[in-house]
>>> print(open('my_file39.cif').read())   # mmCIF, C-alpha atoms
data_structure
loop_
_atom_site.label_atom_id
_atom_site.label_comp_id
_atom_site.auth_asym_id
_atom_site.auth_seq_id
_atom_site.Cartn_x
_atom_site.Cartn_y
_atom_site.Cartn_z
CA MET A 1 0.00 0.00 0.00
CA SER A 2 2.72 2.44 0.94
CA GLY A 3 4.52 1.96 -2.40
CA SER A 4 1.45 2.61 -4.51
CA SER A 5 0.47 5.62 -2.37
CA GLY A 6 3.93 7.13 -2.74
CA ARG A 7 3.83 6.92 -6.52
CA ALA A 8 0.30 8.24 -6.49
CA GLY A 9 1.38 11.44 -4.74
CA GLY A 10 3.67 12.39 -7.61
CA ALA A 11 1.37 11.14 -10.35
CA VAL A 12 -1.63 13.19 -9.31
CA THR A 13 0.18 16.52 -9.75
CA ARG A 14 0.64 16.12 -13.52
CA GLY A 15 -1.85 16.11 -16.40
CA PRO A 16 -3.61 13.16 -18.06
CA VAL A 17 -2.06 11.02 -20.80
CA LEU A 18 -4.38 9.92 -23.62
CA GLY A 19 -7.25 11.26 -21.56
CA ILE A 20 -6.41 8.98 -18.64
CA GLY A 21 -5.09 10.41 -15.40
CA ARG A 22 -1.50 9.70 -14.43
CA LEU A 23 -2.68 8.16 -11.19
CA GLN A 24 -4.74 5.66 -13.15
CA TRP A 25 -1.75 4.89 -15.37
CA ALA A 26 0.34 4.34 -12.25
CA ASP A 27 -2.26 1.96 -10.79
CA ALA A 28 -2.53 0.07 -14.09
CA TRP A 29 1.26 -0.19 -14.17
CA SER A 30 1.18 -1.65 -10.65
CA GLY A 31 -1.32 -4.23 -11.88
CA LEU A 32 0.92 -5.10 -14.81
CA LYS A 33 3.92 -5.56 -12.50
CA ALA A 34 1.85 -7.76 -10.20
CA ILE A 35 0.91 -10.19 -12.97
CA ALA A 36 4.14 -10.00 -15.01
CA PRO A 37 5.79 -13.07 -13.40
CA LEU A 38 2.83 -15.17 -14.58
CA MET A 39 2.95 -13.99 -18.19
CA PRO A 40 5.56 -16.46 -19.56
CA GLY A 41 3.16 -19.29 -18.70
CA SER A 42 0.38 -17.54 -20.60
CA VAL A 43 2.60 -17.12 -23.66
CA ALA A 44 3.70 -20.77 -23.53
CA PHE A 45 0.15 -22.05 -23.20
CA GLY A 46 -0.97 -19.73 -26.00
CA LEU A 47 1.81 -21.17 -28.17
CA ALA A 48 0.63 -24.70 -27.35
CA PHE A 49 -2.97 -23.89 -28.23
CA GLY A 50 -1.93 -22.14 -31.44
CA ALA A 51 0.23 -25.09 -32.47
CA LEU A 52 -2.68 -27.45 -31.76
CA VAL A 53 -5.00 -25.30 -33.91
CA SER A 54 -2.46 -25.47 -36.71
CA ALA A 55 -1.93 -29.23 -36.34
CA THR A 56 -5.67 -29.97 -36.51
CA GLY A 57 -6.23 -27.92 -39.66
CA ILE A 58 -8.60 -25.43 -38.03
CA SER A 59 -8.56 -21.93 -39.51
CA PRO A 60 -5.94 -19.74 -37.81
CA TRP A 61 -8.55 -16.98 -37.53
CA THR A 62 -10.86 -19.35 -35.68
CA GLY A 63 -8.05 -20.13 -33.24
CA LEU A 64 -7.40 -16.44 -32.61
CA TYR A 65 -11.13 -15.81 -32.30
CA ALA A 66 -11.35 -18.56 -29.67
CA SER A 67 -8.48 -17.12 -27.63
CA ALA A 68 -10.00 -13.63 -27.74
CA THR A 69 -13.57 -14.62 -26.92
CA VAL A 70 -13.31 -17.68 -24.66
CA VAL A 71 -10.04 -16.77 -22.87
CA GLY A 72 -9.81 -20.21 -21.26
CA GLY A 73 -7.03 -22.45 -22.56
CA ALA A 74 -8.09 -25.80 -21.10
CA SER A 75 -11.64 -25.44 -22.43
CA GLN A 76 -10.38 -24.38 -25.86
CA ILE A 77 -8.13 -27.44 -26.08
CA SER A 78 -11.00 -29.62 -24.89
CA ALA A 79 -13.29 -28.22 -27.61
CA ILE A 80 -10.71 -28.97 -30.29
CA GLU A 81 -10.15 -32.49 -28.96
CA SER A 82 -13.93 -33.07 -28.99
CA VAL A 83 -14.15 -31.89 -32.59
CA ARG A 84 -11.23 -34.17 -33.54
CA ALA A 85 -13.05 -37.08 -31.89
CA GLY A 86 -16.12 -36.36 -34.05
CA ALA A 87 -18.25 -35.36 -31.06
CA PRO A 88 -21.57 -33.59 -31.62
CA ALA A 89 -21.39 -29.85 -30.96
CA VAL A 90 -23.48 -30.12 -27.81
CA ILE A 91 -20.93 -32.45 -26.21
CA ALA A 92 -18.00 -30.25 -27.23
CA ILE A 93 -19.76 -27.19 -25.77
CA ALA A 94 -20.92 -28.94 -22.57
CA THR A 95 -17.44 -30.33 -21.84
CA ALA A 96 -15.83 -26.93 -22.37
CA LEU A 97 -18.39 -25.17 -20.17
CA ILE A 98 -17.96 -27.67 -17.34
CA ILE A 99 -14.22 -27.01 -17.48
CA ASN A 100 -14.95 -23.28 -17.32
CA ALA A 101 -17.43 -23.63 -14.43
CA ARG A 102 -14.54 -22.69 -12.14
CA PHE A 103 -15.00 -19.09 -13.33
CA ALA A 104 -18.29 -19.03 -11.41
CA LEU A 105 -16.32 -19.61 -8.21
CA TYR A 106 -13.91 -16.77 -9.00
CA SER A 107 -16.86 -14.60 -9.91
CA ALA A 108 -18.52 -15.25 -6.56
CA ALA A 109 -15.31 -14.34 -4.75
CA LEU A 110 -14.79 -11.23 -6.91
CA GLY A 111 -18.34 -9.92 -6.33
CA PRO A 112 -17.35 -7.82 -3.28
CA VAL A 113 -14.07 -6.73 -4.93
CA PHE A 114 -15.96 -5.29 -7.92
CA ALA A 115 -19.05 -4.16 -5.95
CA ALA A 116 -18.34 -0.41 -6.15
CA PHE A 117 -17.36 -0.44 -9.85
CA PRO A 118 -19.68 1.04 -12.51
CA ARG A 119 -21.68 -1.62 -14.32
CA ARG A 120 -19.78 -1.20 -17.61
CA TRP A 121 -16.53 -1.85 -15.76
CA LYS A 122 -17.96 -4.95 -14.10
CA LEU A 123 -19.15 -6.29 -17.44
CA GLY A 124 -15.86 -5.51 -19.16
CA LEU A 125 -13.50 -6.76 -16.47
CA ALA A 126 -15.51 -9.97 -16.08
CA HIS A 127 -14.44 -11.05 -19.57
CA LEU A 128 -10.77 -10.53 -18.65
CA MET A 129 -10.89 -12.62 -15.47
CA THR A 130 -8.48 -15.43 -16.19
CA ASP A 131 -7.34 -17.70 -13.36
CA GLN A 132 -4.23 -15.59 -12.90
CA ALA A 133 -5.96 -12.21 -13.03
CA ALA A 134 -8.50 -13.44 -10.48
CA VAL A 135 -5.70 -14.41 -8.09
CA VAL A 136 -4.03 -11.00 -8.43
CA ALA A 137 -7.33 -9.15 -7.98
CA LEU A 138 -8.31 -11.20 -4.91
CA GLN A 139 -4.92 -10.95 -3.26
CA ARG A 140 -4.21 -7.25 -3.92
CA ALA A 141 -7.65 -5.58 -3.89
CA ASP A 142 -7.38 -4.51 -0.25
CA GLU A 143 -4.39 -2.34 -1.17
CA TYR A 144 -6.76 -0.20 -3.25
CA PRO A 145 -9.76 0.81 -1.11
CA ASP A 146 -10.61 3.58 -3.62
CA PRO A 147 -12.77 1.83 -6.26
CA VAL A 148 -11.44 4.04 -9.08
CA ARG A 149 -7.84 3.14 -8.30
CA ARG A 150 -8.79 -0.48 -7.70
CA ARG A 151 -10.43 -0.91 -11.09
CA TRP A 152 -7.44 0.54 -12.91
CA PHE A 153 -5.14 -1.78 -10.98
CA VAL A 154 -7.29 -4.77 -11.96
CA LEU A 155 -7.45 -3.63 -15.59
CA GLY A 156 -3.68 -3.17 -15.66
CA ALA A 157 -3.24 -6.77 -14.54
CA ALA A 158 -5.99 -8.44 -16.55
CA LEU A 159 -5.82 -6.77 -19.97
CA PRO A 160 -2.10 -7.30 -20.73
CA PHE A 161 -2.38 -10.89 -19.55
CA VAL A 162 -5.14 -11.59 -22.09
CA ALA A 163 -3.14 -9.71 -24.74
CA VAL A 164 -0.07 -11.94 -24.31
CA TRP A 165 -2.34 -15.01 -24.34
CA ILE A 166 -3.70 -13.95 -27.74
CA ALA A 167 -0.19 -13.06 -28.96
CA GLY A 168 1.04 -16.49 -27.87
CA THR A 169 -1.79 -18.11 -29.80
CA ALA A 170 -0.87 -16.10 -32.90
CA ALA A 171 2.77 -17.16 -32.59
CA GLY A 172 1.75 -20.82 -32.18
CA VAL A 173 -0.55 -20.66 -35.19
CA ALA A 174 2.25 -19.10 -37.26
CA ALA A 175 4.92 -21.54 -36.08
CA GLY A 176 2.76 -24.65 -36.30
CA PRO A 177 3.08 -25.30 -40.06
CA ILE A 178 6.88 -25.07 -40.02
CA LEU A 179 7.35 -27.52 -37.13
CA PRO A 180 8.21 -31.03 -38.40
CA ASP A 181 5.80 -33.83 -37.46
CA ALA A 182 8.74 -35.71 -35.94
CA TRP A 183 8.86 -33.13 -33.16
CA GLN A 184 5.47 -34.41 -31.91
CA ILE A 185 4.50 -30.93 -30.74
CA SER A 186 1.19 -32.20 -29.32
CA PHE A 187 3.16 -33.57 -26.34
CA ILE A 188 3.00 -30.00 -25.05
CA VAL A 189 -0.65 -30.58 -24.04
CA PRO A 190 0.00 -33.20 -21.30
CA LEU A 191 3.29 -31.49 -20.40
CA MET A 192 1.56 -28.16 -19.83
CA PHE A 193 -1.11 -29.72 -17.63
CA ILE A 194 1.49 -31.63 -15.60
CA ALA A 195 3.46 -28.42 -15.06
CA VAL A 196 0.46 -26.37 -13.99
CA MET A 197 -1.54 -28.94 -12.03
CA VAL A 198 0.89 -31.21 -10.18
CA PRO A 199 2.65 -28.52 -8.11
CA THR A 200 -0.73 -27.39 -6.72
CA LEU A 201 -1.97 -30.82 -5.60
CA ARG A 202 -1.74 -30.43 -1.84
CA ARG A 203 -5.25 -31.10 -0.45
CA SER A 204 -6.42 -34.69 -0.11
CA GLU A 205 -9.66 -33.90 -1.98
CA ASP A 206 -7.68 -32.66 -5.00
CA VAL A 207 -5.61 -35.85 -5.12
CA VAL A 208 -8.70 -38.07 -4.76
CA ALA A 209 -10.65 -36.11 -7.39
CA VAL A 210 -7.79 -36.22 -9.91
CA GLY A 211 -7.18 -39.94 -9.23
CA VAL A 212 -10.84 -40.82 -9.80
CA THR A 213 -10.94 -38.63 -12.90
CA GLY A 214 -7.93 -40.35 -14.43
CA LEU A 215 -9.22 -43.85 -13.74
CA VAL A 216 -12.67 -43.07 -15.16
CA VAL A 217 -11.21 -41.40 -18.28
CA LEU A 218 -9.21 -44.57 -19.01
CA ALA A 219 -11.96 -47.03 -18.03
CA SER A 220 -14.51 -45.27 -20.25
CA ARG A 221 -12.18 -44.83 -23.23
CA GLU A 222 -14.55 -46.82 -25.46
CA LEU A 223 -17.26 -44.18 -25.14
CA PRO A 224 -17.94 -42.35 -28.41
CA PHE A 225 -17.21 -38.69 -29.19
CA GLY A 226 -14.52 -38.30 -26.53
CA LEU A 227 -17.21 -38.47 -23.85
CA ASN A 228 -14.75 -40.18 -21.51
CA VAL A 229 -13.25 -36.76 -20.69
CA LEU A 230 -16.62 -35.33 -19.63
CA VAL A 231 -17.56 -38.47 -17.67
CA GLY A 232 -14.18 -38.43 -15.96
CA ILE A 233 -14.47 -34.77 -14.90
CA VAL A 234 -18.00 -35.20 -13.53
CA SER A 235 -17.03 -38.39 -11.65
CA GLY A 236 -13.94 -36.76 -10.16
CA ILE A 237 -15.89 -33.71 -9.01
CA ALA A 238 -18.65 -35.87 -7.47
CA VAL A 239 -16.31 -38.14 -5.51
CA GLY A 240 -13.96 -35.28 -4.64
CA THR A 241 -16.84 -33.16 -3.31
CA LEU A 242 -18.01 -35.96 -0.99
CA TRP A 243 -14.42 -36.46 0.15
CA ALA A 244 -14.02 -32.69 0.74
CA GLU A 245 -17.17 -32.59 2.87
CA ARG A 246 -15.80 -35.34 5.10
CA ALA A 247 -12.38 -33.66 5.19
CA ASP A 248 -13.93 -30.29 6.17
CA ALA A 249 -15.99 -32.02 8.89
CA ARG A 250 -12.81 -33.57 10.28
CA ARG A 251 -11.04 -30.19 10.17
CA ARG A 252 -13.90 -28.57 12.09
CA ARG A 253 -13.86 -31.32 14.75
CA ARG A 254 -10.14 -30.73 15.23
CA GLY A 255 -10.64 -26.95 15.31
CA GLN A 256 -8.65 -26.53 12.10
CA HIS A 257 -9.25 -23.85 9.45
CA VAL A 258 -11.80 -24.45 6.68
CA ASP A 259 -11.45 -22.35 3.50
CA SER A 260 -13.85 -19.48 2.85
CA VAL A 261 -15.19 -18.94 -0.69
CA THR A 262 -12.45 -16.37 -1.38
CA GLU A 263 -9.71 -18.72 -0.13
CA ALA A 264 -11.17 -21.58 -2.17
CA ALA A 265 -11.17 -19.36 -5.27
CA GLU A 266 -7.57 -18.30 -4.67
CA HIS A 267 -6.53 -21.96 -4.26
CA GLU A 268 -8.43 -22.99 -7.39
CA ALA A 269 -7.16 -20.09 -9.49
CA GLY A 270 -3.57 -20.79 -8.45
CA GLY A 271 -3.65 -24.00 -10.45
CA GLY A 272 -5.98 -23.04 -13.26
CA LEU A 273 -5.63 -22.13 -16.93
CA MET B 1 -22.10 -26.96 -36.37
CA SER B 2 -18.86 -25.28 -37.40
CA VAL B 3 -15.90 -24.92 -35.04
CA LEU B 4 -16.46 -21.17 -35.11
CA LEU B 5 -20.02 -21.55 -33.81
CA ILE B 6 -18.87 -24.03 -31.15
CA PHE B 7 -16.34 -21.51 -29.86
CA THR B 8 -18.99 -18.78 -29.99
CA ALA B 9 -21.33 -20.85 -27.82
CA VAL B 10 -18.49 -21.64 -25.40
CA ALA B 11 -17.55 -17.94 -25.28
CA VAL B 12 -21.11 -16.86 -24.47
CA GLY B 13 -21.55 -19.56 -21.81
CA THR B 14 -18.16 -18.77 -20.28
CA TYR B 15 -18.96 -15.06 -20.10
CA LEU B 16 -22.21 -15.81 -18.30
CA LEU B 17 -20.24 -17.90 -15.78
CA ARG B 18 -17.75 -15.04 -15.38
CA ILE B 19 -20.39 -12.41 -14.62
CA SER B 20 -22.65 -14.65 -12.50
CA GLY B 21 -21.15 -13.91 -9.10
CA ILE B 22 -19.98 -10.38 -9.90
CA VAL B 23 -23.49 -9.31 -10.84
CA LEU B 24 -25.58 -11.51 -8.56
CA LEU B 25 -23.56 -12.11 -5.38
CA SER B 26 -22.62 -9.30 -3.02
CA ASN B 27 -21.60 -11.82 -0.36
CA PRO B 28 -19.62 -14.82 -1.65
CA GLU B 29 -20.25 -16.78 1.55
CA LYS B 30 -23.88 -17.11 0.38
CA LEU B 31 -22.63 -19.70 -2.12
CA PRO B 32 -23.91 -23.12 -0.97
CA PRO B 33 -21.00 -25.08 0.63
CA ARG B 34 -21.46 -28.13 -1.58
CA LEU B 35 -21.43 -26.00 -4.73
CA ARG B 36 -18.32 -24.17 -3.49
CA ARG B 37 -16.51 -27.48 -2.91
CA ALA B 38 -17.59 -28.82 -6.32
CA LEU B 39 -16.47 -25.66 -8.13
CA GLY B 40 -13.19 -25.81 -6.24
CA LEU B 41 -12.45 -29.17 -7.84
CA VAL B 42 -13.21 -28.19 -11.44
CA ALA B 43 -9.70 -27.01 -12.34
CA PRO B 44 -7.73 -30.07 -11.11
CA THR B 45 -10.23 -32.58 -12.52
CA ALA B 46 -10.47 -30.81 -15.89
CA MET B 47 -6.71 -30.66 -16.22
CA GLY B 48 -6.35 -34.24 -14.96
CA ALA B 49 -8.89 -35.52 -17.50
CA ILE B 50 -7.22 -33.82 -20.46
CA LEU B 51 -3.78 -34.86 -19.20
CA VAL B 52 -4.65 -38.55 -18.83
CA ASN B 53 -6.62 -38.60 -22.09
CA SER B 54 -3.80 -37.09 -24.13
CA LEU B 55 -0.97 -38.95 -22.41
CA PHE B 56 -2.30 -42.50 -22.33
CA LEU B 57 -4.76 -42.54 -25.24
CA ASP B 58 -4.40 -41.72 -28.91
CA GLU B 59 -7.75 -41.42 -30.69
CA GLY B 60 -9.36 -43.70 -28.09
CA GLN B 61 -6.71 -46.43 -28.19
CA TRP B 62 -3.83 -47.03 -25.78
CA ARG B 63 -0.76 -45.02 -26.73
CA SER B 64 2.35 -47.18 -27.25
CA PHE B 65 4.79 -46.92 -24.36
CA GLY B 66 7.66 -44.60 -25.16
CA ALA B 67 8.97 -41.06 -25.00
CA TRP B 68 5.60 -39.53 -24.01
CA HIS B 69 5.32 -41.61 -20.84
CA LEU B 70 8.97 -41.33 -19.85
CA ALA B 71 9.15 -37.57 -20.36
CA ALA B 72 5.85 -37.15 -18.51
CA ALA B 73 7.29 -39.16 -15.60
CA VAL B 74 10.29 -36.82 -15.53
CA ALA B 75 8.01 -33.76 -15.58
CA ILE B 76 5.84 -35.15 -12.76
CA GLY B 77 8.91 -35.95 -10.67
CA VAL B 78 10.32 -32.45 -11.18
CA ALA B 79 6.92 -30.85 -10.47
CA LEU B 80 6.65 -32.73 -7.16
CA TRP B 81 10.26 -32.02 -6.25
CA LYS B 82 10.52 -28.33 -7.19
CA ARG B 83 6.81 -27.41 -6.94
CA SER B 84 7.51 -25.21 -9.97
CA ALA B 85 5.67 -25.14 -13.31
CA GLY B 86 8.68 -23.60 -15.05
CA TRP B 87 11.09 -26.32 -13.96
CA ALA B 88 8.61 -29.07 -14.83
CA MET B 89 8.01 -27.61 -18.30
CA SER B 90 11.68 -27.05 -19.05
CA LEU B 91 13.02 -30.40 -17.88
CA GLY B 92 10.01 -32.31 -19.25
CA ALA B 93 10.50 -30.74 -22.69
CA ALA B 94 14.27 -31.30 -22.59
CA SER B 95 13.89 -34.96 -21.64
CA PHE B 96 11.26 -35.43 -24.37
CA ALA B 97 13.64 -33.96 -26.96
CA LEU B 98 16.47 -36.22 -25.79
CA LEU B 99 14.23 -39.29 -25.90
CA LEU B 100 13.13 -38.46 -29.45
CA VAL B 101 16.74 -37.97 -30.52
CA ALA B 102 17.54 -41.34 -28.91
CA GLY B 103 14.93 -42.91 -31.17
CA LEU B 104 12.22 -43.66 -28.62
#
>>> encode(input="my_file39.cif", output="structure tokens")
Amino acid sequence: MSGSSGRAGGAVTRGPVLGIGRLQWADAWSGLKAIAPLMPGSVAFGLAFGALVSATGISPWTGLYASATVVGGASQISAIESVRAGAPAVIAIATALIINARFALYSAALGPVFAAFPRRWKLGLAHLMTDQAAVVALQRADEYPDPVRRRWFVLGAALPFVAVWIAGTAAGVAAGPILPDAWQISFIVPLMFIAVMVPTLRRSEDVVAVGVTGLVVLASRELPFGLNVLVGIVSGIAVGTLWAERADARRRRRGQHVDSVTEAAEHEAGGGL
Amino acid sequence: MSVLLIFTAVAVGTYLLRISGIVLLSNPEKLPPRLRRALGLVAPTAMGAILVNSLFLDEGQWRSFGAWHLAAAVAIGVALWKRSAGWAMSLGAASFALLLVAGL
């Protein structure tokens, strides 16, 4: 808080730039600095998605359109895999939306953070709420009690992150055709998910849910249209939720901490894509 | 339905999910506990499903044992050891490249 306030004191004495006050620029810059360490991962995942788009013969413009409008890498990859498996559109859409259901949790946690923002800001920033931007907004919002400064901080974090995601997709789409088949670039899909997911598996309910998901995905591999992925996710969530309820009950009996909605969202967003 | 329309439907649905709490919930603790727990498991299960499906299966059939599995094992080991996505990505990719060069 002290750092941002110090910069603000100098910024407010000078005139606006491009019609935007210097204080707002300073807050947006703080947001950008807060999310910058997470940007290489966004670029890498964008590259992976772009290369996958290229490898599957989907129009490059469609790939870029997906990255700009969906802004959810795992769901975009899932939709492409469903299409490759010949799944009906409804299955491709349902699987992708279940994967993106986590955004409802972030949204619930962000409700109070965005409460004092004008409606147009709420509607605009909502589209930019990636896993990483949600974490930054939840963790740093208290440093900006002024809603005007807070929204510029959130915008400064969220917008550049989406921009590099789209740029990564463009680079992947462009590089895809020149990569030899022998490089087996599609290995980047499981590698990316290992890198992002495994380090965050700390709670017993996460391990149980992922274990059940994996077993069901493999056991139901004969299902048509790539439905095994959807069945695996739903099974893992169902079993994991029951396990989490028992784990939370045990924690309460022992007087241990049980996550609030905001803490649950921060935990979830820390391992999301 | 074209891929473009599929992505459009996913985009619209995802946006509705993204604005749901921001517009409707002023107090996140009003979220039912069971729903909160279920939503909290979406990210790991979604990633786990895509990971297992792409690593062990190839168009619905078992993938032949080889560089994919070995490099994935390296990446998992590094991810558990370092608890770092960057290290897991880097060493997983490097081991995969070496295994391909070795003819696996």
>>> resolve_selection(input="my_file39.cif", expression="the PyMOL selection byres ((chain B) within 7 of (chain A))", output="JSON, numbers by chain")
{"B": [1, 4, 6, 7, 9, 10, 11, 13, 14, 15, 17, 18, 19, 20, 21, 22, 23, 25, 26, 27, 28, 29, 36, 37, 38, 39, 40, 41, 42, 43, 44, 45, 46, 47, 48, 49, 50, 51, 52, 53, 54, 55, 59, 60, 68, 72, 75, 76, 79, 80, 83, 84, 85, 88, 89, 92]}
>>> closest_residue(input="my_file39.cif", among="B:Leu104, B:Ser95, B:Leu24, B:Val3", to="Ser64 in chain B", atoms="only C-alpha atoms")
B:Leu104
>>> atom_distance(input="my_file39.cif", atom1="CA of Leu52 in chain A", atom2="CA of Leu159 in chain A")
24.0 Å
>>> atom_distance(input="my_file39.cif", atom1="CA of Ile35 in chain A", atom2="CA of Ala167 in chain A")
16.3 Å
>>> closest_residue(input="my_file39.cif", among="B:Val74, B:His69, B:Pro33, B:Arg63", to="Ala249 in chain A", atoms="all atoms listed in the file")
B:Pro33
>>> atom_distance(input="my_file39.cif", atom1="CA of Trp121 in chain A", atom2="CA of Asp146 in chain A")
14.6 Å
>>> axis_aligned_box(input="my_file39.cif", around="range 39-56 of chain B", padding_each_side="8 Å", output="JSON")
{"center_x": -8.7, "center_y": -34.1, "center_z": -15.2, "size_x": 31.5, "size_y": 32.8, "size_z": 33.9}
>>> residues_near_point(input="my_file39.cif", point="(-1.4, -31.9, -37.5)", cutoff="10 Å", atoms="all atoms listed in the file", output="list in words")
Ala51, Leu52, Val53, Ser54, Ala55, Thr56, Gly57, Ile58, Gly176, Pro177, Leu179, Pro180, Asp181, Gln184, Ile185 and Ser186 of chain A
>>> closest_residue(input="my_file39.cif", among="A:Gly15, A:Gly31, A:Pro60, A:Gly50", to="Ala158 in chain A", atoms="only C-alpha atoms")
A:Gly31
>>> residues_around(input="my_file39.cif", residues="Leu99 in chain B", least_positions_apart="3", cutoff="9 Å", atoms="all atoms listed in the file", output="CSV table (one decimal) with C-alpha atoms, in the coordinates of the input")
chain,number,residue,atom,x,y,z
B,66,GLY,CA,7.7,-44.6,-25.2
B,67,ALA,CA,9.0,-41.1,-25.0
B,68,TRP,CA,5.6,-39.5,-24.0
B,70,LEU,CA,9.0,-41.3,-19.8
B,71,ALA,CA,9.2,-37.6,-20.4
B,94,ALA,CA,14.3,-31.3,-22.6
B,95,SER,CA,13.9,-35.0,-21.6
B,96,PHE,CA,11.3,-35.4,-24.4
B,102,ALA,CA,17.5,-41.3,-28.9
B,103,GLY,CA,14.9,-42.9,-31.2
B,104,LEU,CA,12.2,-43.7,-28.6
>>> closest_residue(input="my_file39.cif", among="A:Ala87, A:Ala133, A:Leu47, A:Ala26", to="Pro160 in chain A", atoms="all atoms listed in the file")
A:Ala133
